[in-house]
There are 2 protein chains.
Amino acid sequence: MWTLFQFPLCPFSRKVRLLLSEKGVGYELTRENPWEARDEFLDLNPACRTPVLHDDERGLTLRDSRAICEYFEETVDKSPMINGTSAQRAEIRRLVALFDENLYGDIVAPLLHERMKKRLILRQPPDARVLREAMKLAHTHLYYIDWLIDNRPWLAGSQMSLADIAAAAQLSVADYLGGIDWTGHEQAQGWYSVLKSRPSFRPLLSERMEVIQPPEHYAKVDA
Amino acid sequence: MWTLFQFPLCPFSRKVRLLLSEKGVGYELTRENPWEARDEFLDLNPACRTPVLHDDERGLTLRDSRAICEYFEETVDKSPMINGTSAQRAEIRRLVALFDENLYGDIVAPLLHERMKKRLILRQPPDARVLREAMKLAHTHLYYIDWLIDNRPWLAGSQMSLADIAAAAQLSVADYLGGIDWTGHEQAQGWYSVLKSRPSFRPLLSERMEVIQPPEHYAKVDA
């Protein structure tokens with residue numbers, strides 16, 4: 001059995017969980033706060049990041065969310081998520097990088113710092129200026145998702161792919177932290193509602209991070 | 001013919017150039033300064049990052065260095081660089097992420113900011129404290145490479161892989177910017193010398209970024 005080291009608001013762990021669930025791969029959760037930099041966790045992953053996926057029986061430890069997703073794409077046939085021609089696969093991977101790096105860096109990382117780390121670890125009030133800037137940039141990313149959905153059924157093309165999973169994982173954390181104003185983004189909101197209503201999404205929506213509560217619409221699949 | 005949009009000190013473009021060269025894929029270079037955010041470049045890549053690889057004949061634009069490398073791994077058989085079992089491929093991809101994200105974030109990004117952007121764009125002096133911290137962290141990353149090379153012929157295992165290319169691409173930029181003190185890192189230095197002496201590396205070592213000169217040892221393959 002796989003054990004996933006993660007914390008509830010880690011967007012990269014959410015991406016892996018969605019993929020594993022879509023592919024029907026079972027796993028157990030272990031809570032890991034990477035910011036505590038436990039020696040045992042550093043031994044598992046010198047990059048000191050979640051997610052880490054470990055299987056004692058296989059004697060295998062997987063690290064880095066993209067490497068983990070590629071591994072299961074190669075080893076589990078069910079629900080291919082990096083599918084199509086090499087050019088289509090390049091488009092999926094390009095979007096995954098855009099969401100993992102730009103959407104994360106512009107929106108999710110500052111929200112996690114201001115609304116989670118400052119509250120739980122640093123015991124400081126959030127910086128309103130940083131939050132405003134992140135929420136402004138969120139609109140830029142949502143406009144791009146609107147545009148993609150205007151042109152394609154799913155973000156990377158005609159089929160659901162890892163690009164949808166990566167974007168939804170990041171947005172779900174931003175939404176939990178109150179950083180997403182969906183007003184004026186009907187296409188993005190419609191696309192996200194469809195993903196939220198999938199069985200793979202339900203466990204994520206029902207989990208809570210201690211102390212921090214999401215806004216009311218967060219777990220509603222029709223909102 | 002492929003056209004690669006890049007600038008000489010972009011470590012991610014260097015990774016793609018090394019891979020293309022090892023695989024025998026021809027390409028032309030086009031200079032792009034992503035920080036200028038040209039409209040035409042934003043049309044090619046909304047993430048506004050180099051490298052971008054474009055082919056008019058194929059009508060294909062590839063973006064994101066990892067997506068580009070996976071594309072050529074899938075389409076060109078020569079010199080496989082993400083090779084082996086799925087577990088071995090996961091190890092290669094885990095290390096690529098470690099070098100692309102942690103080594104880049106800890107060392108190369110601050111060096112590029114302090115020694116390239118401040119000089120060429122912002123016209124400010126570098127912050128000595130930031131440079132000291134980056135050079136301190138460089139030792140941590142070099143110790144990890146020393147340790148890997150103590151245990152394996154190449155960074156990810158018994159064969160040269162994209163992990164070696166990704167690490168060498170980042171380190172070559174840090175070395176150009178005077179951020180690497182190789183003293184006490186015999187294993188890492190020996191491994192890097194072997195890579196530097198490959199034909200794929202030579203064009204990189206002979207190029208210069210305007211105004212900024214590398215230290216004397218930078219282009220020497222035996223240093």
# chains A, B, ... in the order shown; residues from 1 in each chain; ligands from 1

$ residues_around --residues "Lys117 in chain B" --least-positions-apart "2" --cutoff "12 Å" --atoms "only C-alpha atoms" --output "PDB file with N, CA, C and O atoms, in the first residue's frame"
ATOM      1  N   LEU B   9      22.363  33.139 -20.722  1.00  0.00           N
ATOM      2  CA  LEU B   9      22.466  32.671 -19.339  1.00  0.00           C
ATOM      3  C   LEU B   9      21.161  32.062 -18.818  1.00  0.00           C
ATOM      4  O   LEU B   9      20.988  31.910 -17.610  1.00  0.00           O
ATOM      5  N   ASN B  33      14.833  38.224 -24.585  1.00  0.00           N
ATOM      6  CA  ASN B  33      14.932  38.653 -23.190  1.00  0.00           C
ATOM      7  C   ASN B  33      13.532  38.592 -22.590  1.00  0.00           C
ATOM      8  O   ASN B  33      12.741  39.517 -22.768  1.00  0.00           O
ATOM      9  N   PRO B  34      13.204  37.505 -21.873  1.00  0.00           N
ATOM     10  CA  PRO B  34      11.804  37.347 -21.419  1.00  0.00           C
ATOM     11  C   PRO B  34      11.354  38.487 -20.514  1.00  0.00           C
ATOM     12  O   PRO B  34      10.161  38.801 -20.465  1.00  0.00           O
ATOM     13  N   TRP B  35      12.313  39.131 -19.813  1.00  0.00           N
ATOM     14  CA  TRP B  35      11.931  40.239 -18.911  1.00  0.00           C
ATOM     15  C   TRP B  35      11.397  41.458 -19.674  1.00  0.00           C
ATOM     16  O   TRP B  35      10.771  42.319 -19.083  1.00  0.00           O
ATOM     17  N   GLU B  36      11.609  41.505 -21.001  1.00  0.00           N
ATOM     18  CA  GLU B  36      11.035  42.605 -21.789  1.00  0.00           C
ATOM     19  C   GLU B  36       9.564  42.352 -22.135  1.00  0.00           C
ATOM     20  O   GLU B  36       8.861  43.260 -22.575  1.00  0.00           O
ATOM     21  N   ALA B 109      18.805  31.627  -9.482  1.00  0.00           N
ATOM     22  CA  ALA B 109      17.884  32.780  -9.559  1.00  0.00           C
ATOM     23  C   ALA B 109      18.448  33.999  -8.824  1.00  0.00           C
ATOM     24  O   ALA B 109      18.484  35.097  -9.391  1.00  0.00           O
ATOM     25  N   PRO B 110      18.913  33.855  -7.572  1.00  0.00           N
ATOM     26  CA  PRO B 110      19.503  35.052  -6.927  1.00  0.00           C
ATOM     27  C   PRO B 110      20.758  35.556  -7.629  1.00  0.00           C
ATOM     28  O   PRO B 110      20.952  36.778  -7.729  1.00  0.00           O
ATOM     29  N   LEU B 111      21.600  34.665  -8.160  1.00  0.00           N
ATOM     30  CA  LEU B 111      22.789  35.122  -8.895  1.00  0.00           C
ATOM     31  C   LEU B 111      22.389  35.882 -10.156  1.00  0.00           C
ATOM     32  O   LEU B 111      22.964  36.927 -10.477  1.00  0.00           O
ATOM     33  N   LEU B 112      21.407  35.355 -10.898  1.00  0.00           N
ATOM     34  CA  LEU B 112      20.947  36.049 -12.105  1.00  0.00           C
ATOM     35  C   LEU B 112      20.371  37.416 -11.749  1.00  0.00           C
ATOM     36  O   LEU B 112      20.596  38.393 -12.462  1.00  0.00           O
ATOM     37  N   HIS B 113      19.657  37.485 -10.650  1.00  0.00           N
ATOM     38  CA  HIS B 113      19.071  38.762 -10.254  1.00  0.00           C
ATOM     39  C   HIS B 113      20.157  39.766  -9.853  1.00  0.00           C
ATOM     40  O   HIS B 113      20.184  40.900 -10.339  1.00  0.00           O
ATOM     41  N   GLU B 114      21.066  39.329  -9.017  1.00  0.00           N
ATOM     42  CA  GLU B 114      22.067  40.261  -8.472  1.00  0.00           C
ATOM     43  C   GLU B 114      23.140  40.621  -9.500  1.00  0.00           C
ATOM     44  O   GLU B 114      23.572  41.767  -9.565  1.00  0.00           O
ATOM     45  N   ARG B 115      23.562  39.639 -10.300  1.00  0.00           N
ATOM     46  CA  ARG B 115      24.720  39.869 -11.171  1.00  0.00           C
ATOM     47  C   ARG B 115      24.358  40.122 -12.625  1.00  0.00           C
ATOM     48  O   ARG B 115      25.175  40.643 -13.379  1.00  0.00           O
ATOM     49  N   ARG B 119      22.670  44.504 -13.122  1.00  0.00           N
ATOM     50  CA  ARG B 119      23.674  45.168 -13.948  1.00  0.00           C
ATOM     51  C   ARG B 119      23.087  45.663 -15.270  1.00  0.00           C
ATOM     52  O   ARG B 119      23.270  46.810 -15.649  1.00  0.00           O
ATOM     53  N   LEU B 120      22.354  44.765 -15.958  1.00  0.00           N
ATOM     54  CA  LEU B 120      21.880  45.092 -17.313  1.00  0.00           C
ATOM     55  C   LEU B 120      20.590  45.905 -17.322  1.00  0.00           C
ATOM     56  O   LEU B 120      20.364  46.705 -18.223  1.00  0.00           O
ATOM     57  N   ILE B 121      19.721  45.665 -16.359  1.00  0.00           N
ATOM     58  CA  ILE B 121      18.379  46.239 -16.448  1.00  0.00           C
ATOM     59  C   ILE B 121      18.146  47.300 -15.373  1.00  0.00           C
ATOM     60  O   ILE B 121      17.750  48.411 -15.658  1.00  0.00           O
ATOM     61  N   LEU B 122      18.386  46.913 -14.122  1.00  0.00           N
ATOM     62  CA  LEU B 122      18.031  47.813 -13.016  1.00  0.00           C
ATOM     63  C   LEU B 122      19.106  48.851 -12.724  1.00  0.00           C
ATOM     64  O   LEU B 122      18.831  49.840 -12.043  1.00  0.00           O
ATOM     65  N   ARG B 123      20.345  48.603 -13.222  1.00  0.00           N
ATOM     66  CA  ARG B 123      21.478  49.520 -12.966  1.00  0.00           C
ATOM     67  C   ARG B 123      21.650  49.781 -11.466  1.00  0.00           C
ATOM     68  O   ARG B 123      21.691  50.909 -11.004  1.00  0.00           O
ATOM     69  N   GLN B 124      21.684  48.668 -10.722  1.00  0.00           N
ATOM     70  CA  GLN B 124      21.920  48.771  -9.278  1.00  0.00           C
ATOM     71  C   GLN B 124      23.120  47.899  -8.923  1.00  0.00           C
ATOM     72  O   GLN B 124      23.408  46.943  -9.638  1.00  0.00           O
ATOM     73  N   PRO B 125      23.790  48.182  -7.801  1.00  0.00           N
ATOM     74  CA  PRO B 125      24.862  47.276  -7.369  1.00  0.00           C
ATOM     75  C   PRO B 125      24.266  46.002  -6.776  1.00  0.00           C
ATOM     76  O   PRO B 125      23.146  46.022  -6.259  1.00  0.00           O
ATOM     77  N   PRO B 126      24.983  44.870  -6.870  1.00  0.00           N
ATOM     78  CA  PRO B 126      24.465  43.632  -6.271  1.00  0.00           C
ATOM     79  C   PRO B 126      24.451  43.723  -4.745  1.00  0.00           C
ATOM     80  O   PRO B 126      25.225  44.468  -4.153  1.00  0.00           O
ATOM     81  N   LEU B 177      28.597  33.074 -13.407  1.00  0.00           N
ATOM     82  CA  LEU B 177      28.349  34.265 -12.589  1.00  0.00           C
ATOM     83  C   LEU B 177      29.218  34.297 -11.323  1.00  0.00           C
ATOM     84  O   LEU B 177      28.982  35.099 -10.417  1.00  0.00           O
ATOM     85  N   MET B 209      27.557  36.542 -22.398  1.00  0.00           N
ATOM     86  CA  MET B 209      26.452  37.481 -22.204  1.00  0.00           C
ATOM     87  C   MET B 209      27.078  38.869 -22.207  1.00  0.00           C
ATOM     88  O   MET B 209      28.115  39.084 -21.577  1.00  0.00           O
ATOM     89  N   GLU B 210      26.448  39.824 -22.922  1.00  0.00           N
ATOM     90  CA  GLU B 210      27.043  41.158 -23.023  1.00  0.00           C
ATOM     91  C   GLU B 210      27.381  41.709 -21.637  1.00  0.00           C
ATOM     92  O   GLU B 210      26.665  41.495 -20.680  1.00  0.00           O
ATOM     93  N   VAL B 211      28.489  42.445 -21.571  1.00  0.00           N
ATOM     94  CA  VAL B 211      28.949  43.146 -20.364  1.00  0.00           C
ATOM     95  C   VAL B 211      29.517  42.203 -19.288  1.00  0.00           C
ATOM     96  O   VAL B 211      30.545  42.470 -18.679  1.00  0.00           O
ATOM     97  N   ILE B 212      28.827  41.070 -19.049  1.00  0.00           N
ATOM     98  CA  ILE B 212      29.221  40.212 -17.931  1.00  0.00           C
ATOM     99  C   ILE B 212      30.234  39.169 -18.389  1.00  0.00           C
ATOM    100  O   ILE B 212      29.971  38.411 -19.325  1.00  0.00           O
TER     101      ILE B 212
END

$ residues_around --residues "range 72-78 of chain A" --least-positions-apart "2" --cutoff "8 Å" --atoms "only C-alpha atoms" --output "ChimeraX atom specification"
/A:20,23-24,68-70,80-82 /B:86

$ interface_residues --of "chain A" --to "chain B" --cutoff "8 Å" --atoms "only C-alpha atoms" --output "ChimeraX atom specification"
/A:47,60,62-64,66-68,70-71,74-75,86-87,89-91,93-94,97-98,102

$ atom_distance --atom1 "CA of Ile149 in chain A" --atom2 "CA of Ala167 in chain A"
12.6 Å

$ atom_distance --atom1 "CA of Ile180 in chain B" --atom2 "CA of Leu195 in chain B"
16.2 Å

$ closest_residue --among "A:Ala169, A:Tyr176, A:Ala188, A:Thr183" --to "Leu155 in chain A" --atoms "only C-alpha atoms"
A:Ala188

$ select_by_dssp --residues "chain B" --states "strand (DSSP E or B)" --output "JSON, numbers by chain"
{"B": [2, 3, 4, 5, 6, 27, 28, 29, 30, 31, 52, 53, 54, 55, 60, 61, 62, 63, 154, 157]}

$ write_last_selection --atoms "C-alpha atoms" --output "mmCIF file, in the first residue's frame"
data_model
loop_
_atom_site.group_PDB
_atom_site.id
_atom_site.type_symbol
_atom_site.label_atom_id
_atom_site.label_comp_id
_atom_site.auth_asym_id
_atom_site.auth_seq_id
_atom_site.Cartn_x
_atom_site.Cartn_y
_atom_site.Cartn_z
ATOM 1 C CA TRP B 2 13.603 24.402 -34.955
ATOM 2 C CA THR B 3 14.144 27.926 -33.632
ATOM 3 C CA LEU B 4 15.034 28.220 -29.948
ATOM 4 C CA PHE B 5 14.073 31.468 -28.208
ATOM 5 C CA GLN B 6 16.598 31.969 -25.407
ATOM 6 C CA TYR B 27 18.214 24.199 -34.216
ATOM 7 C CA GLU B 28 18.782 27.918 -34.683
ATOM 8 C CA LEU B 29 19.096 30.372 -31.837
ATOM 9 C CA THR B 30 17.004 33.521 -31.472
ATOM 10 C CA ARG B 31 17.830 35.915 -28.684
ATOM 11 C CA VAL B 52 10.416 28.315 -26.397
ATOM 12 C CA LEU B 53 11.023 26.077 -29.389
ATOM 13 C CA HIS B 54 9.152 26.799 -32.596
ATOM 14 C CA ASP B 55 9.014 25.070 -35.961
ATOM 15 C CA LEU B 60 4.443 23.448 -33.649
ATOM 16 C CA THR B 61 5.458 25.560 -30.655
ATOM 17 C CA LEU B 62 6.896 23.831 -27.593
ATOM 18 C CA ARG B 63 7.095 25.602 -24.241
ATOM 19 C CA TRP B 154 26.098 9.372 -12.964
ATOM 20 C CA GLY B 157 22.290 5.856 -11.831
#

$ closest_residue --among "B:Asp39, B:Glu22, B:Glu32, B:Asp146" --to "Pro51 in chain B" --atoms "only C-alpha atoms"
B:Glu32

$ closest_residue --among "B:Ser79, B:Thr140, B:Ser172, B:Asn151" --to "Glu207 in chain B" --atoms "only C-alpha atoms"
B:Ser172

$ select_by_dssp --residues "range 25-160 of chain A" --states "helix (DSSP H, G or I)" --output "MDAnalysis selection string"
chainID A and resid 34:36 39:44 65:75 86:122 128:151

$ atom_distance --atom1 "CA of Lys136 in chain A" --atom2 "CA of Asp150 in chain A"
21.5 Å

$ decode --residues "range 77-103 of chain B" --atoms "N, CA, C and O atoms" --output "CSV table (one decimal), in the first residue's frame"
chain,number,residue,atom,x,y,z
B,77,ASP,N,14.9,8.7,-30.9
B,77,ASP,CA,15.5,7.5,-30.2
B,77,ASP,C,16.9,7.7,-29.7
B,77,ASP,O,17.3,7.1,-28.7
B,78,LYS,N,17.7,8.4,-30.5
B,78,LYS,CA,19.1,8.5,-30.2
B,78,LYS,C,19.4,9.1,-28.8
B,78,LYS,O,18.7,10.0,-28.4
B,79,SER,N,20.4,8.5,-28.1
B,79,SER,CA,20.8,9.0,-26.8
B,79,SER,C,19.6,9.2,-25.8
B,79,SER,O,19.3,10.3,-25.4
B,80,PRO,N,18.9,8.1,-25.4
B,80,PRO,CA,17.8,8.2,-24.5
B,80,PRO,C,18.3,8.8,-23.2
B,80,PRO,O,19.4,8.5,-22.7
B,81,MET,N,17.6,9.8,-22.6
B,81,MET,CA,18.0,10.5,-21.4
B,81,MET,C,17.0,10.4,-20.3
B,81,MET,O,17.3,10.9,-19.2
B,82,ILE,N,15.9,9.8,-20.6
B,82,ILE,CA,14.9,9.4,-19.5
B,82,ILE,C,14.7,7.9,-19.6
B,82,ILE,O,13.6,7.5,-20.1
B,83,ASN,N,15.7,7.2,-19.3
B,83,ASN,CA,15.7,5.8,-19.7
B,83,ASN,C,15.6,4.8,-18.5
B,83,ASN,O,15.7,5.2,-17.3
B,84,GLY,N,15.2,3.5,-18.8
B,84,GLY,CA,15.2,2.5,-17.7
B,84,GLY,C,13.8,2.2,-17.3
B,84,GLY,O,12.8,2.5,-18.0
B,85,THR,N,13.7,1.5,-16.1
B,85,THR,CA,12.4,1.2,-15.6
B,85,THR,C,11.6,2.4,-15.2
B,85,THR,O,12.2,3.5,-15.1
B,86,SER,N,10.3,2.2,-14.9
B,86,SER,CA,9.5,3.4,-14.4
B,86,SER,C,10.1,4.0,-13.1
B,86,SER,O,10.1,5.2,-12.9
B,87,ALA,N,10.6,3.1,-12.3
B,87,ALA,CA,11.2,3.6,-11.0
B,87,ALA,C,12.5,4.4,-11.3
B,87,ALA,O,12.7,5.5,-10.7
B,88,GLN,N,13.3,3.9,-12.3
B,88,GLN,CA,14.5,4.7,-12.6
B,88,GLN,C,14.1,6.0,-13.3
B,88,GLN,O,14.8,7.0,-13.1
B,89,ARG,N,13.1,6.0,-14.1
B,89,ARG,CA,12.7,7.2,-14.8
B,89,ARG,C,12.1,8.2,-13.7
B,89,ARG,O,12.4,9.4,-13.9
B,90,ALA,N,11.5,7.7,-12.7
B,90,ALA,CA,11.0,8.6,-11.6
B,90,ALA,C,12.2,9.2,-10.9
B,90,ALA,O,12.1,10.4,-10.5
B,91,GLU,N,13.3,8.4,-10.7
B,91,GLU,CA,14.4,9.0,-10.1
B,91,GLU,C,15.1,10.1,-10.9
B,91,GLU,O,15.5,11.1,-10.4
B,92,ILE,N,15.2,9.9,-12.2
B,92,ILE,CA,15.7,10.9,-13.1
B,92,ILE,C,14.8,12.2,-13.0
B,92,ILE,O,15.4,13.3,-12.8
B,93,ARG,N,13.5,12.0,-13.1
B,93,ARG,CA,12.6,13.2,-13.1
B,93,ARG,C,12.6,13.9,-11.7
B,93,ARG,O,12.5,15.1,-11.6
B,94,ARG,N,12.8,13.1,-10.6
B,94,ARG,CA,12.9,13.7,-9.3
B,94,ARG,C,14.1,14.6,-9.2
B,94,ARG,O,14.0,15.7,-8.7
B,95,LEU,N,15.2,14.1,-9.7
B,95,LEU,CA,16.5,14.9,-9.7
B,95,LEU,C,16.3,16.1,-10.6
B,95,LEU,O,16.8,17.2,-10.3
B,96,VAL,N,15.8,16.0,-11.8
B,96,VAL,CA,15.6,17.1,-12.7
B,96,VAL,C,14.8,18.2,-11.9
B,96,VAL,O,15.1,19.4,-12.0
B,97,ALA,N,13.7,17.8,-11.3
B,97,ALA,CA,12.9,18.8,-10.5
B,97,ALA,C,13.7,19.4,-9.4
B,97,ALA,O,13.6,20.6,-9.2
B,98,LEU,N,14.5,18.6,-8.7
B,98,LEU,CA,15.4,19.2,-7.6
B,98,LEU,C,16.3,20.2,-8.2
B,98,LEU,O,16.5,21.3,-7.6
B,99,PHE,N,16.9,20.0,-9.3
B,99,PHE,CA,17.9,21.0,-9.9
B,99,PHE,C,17.1,22.1,-10.5
B,99,PHE,O,17.5,23.3,-10.3
B,100,ASP,N,16.0,21.9,-11.2
B,100,ASP,CA,15.3,23.0,-11.9
B,100,ASP,C,14.6,23.9,-10.8
B,100,ASP,O,14.4,25.1,-11.1
B,101,GLU,N,14.2,23.3,-9.7
B,101,GLU,CA,13.5,24.1,-8.7
B,101,GLU,C,14.4,24.6,-7.5
B,101,GLU,O,14.5,25.8,-7.3
B,102,ASN,N,15.0,23.6,-6.8
B,102,ASN,CA,15.7,24.0,-5.6
B,102,ASN,C,17.1,24.6,-6.0
B,102,ASN,O,17.4,25.6,-5.4
B,103,LEU,N,17.8,23.9,-6.8
B,103,LEU,CA,19.2,24.5,-7.1
B,103,LEU,C,19.0,25.8,-7.8
B,103,LEU,O,19.7,26.8,-7.5
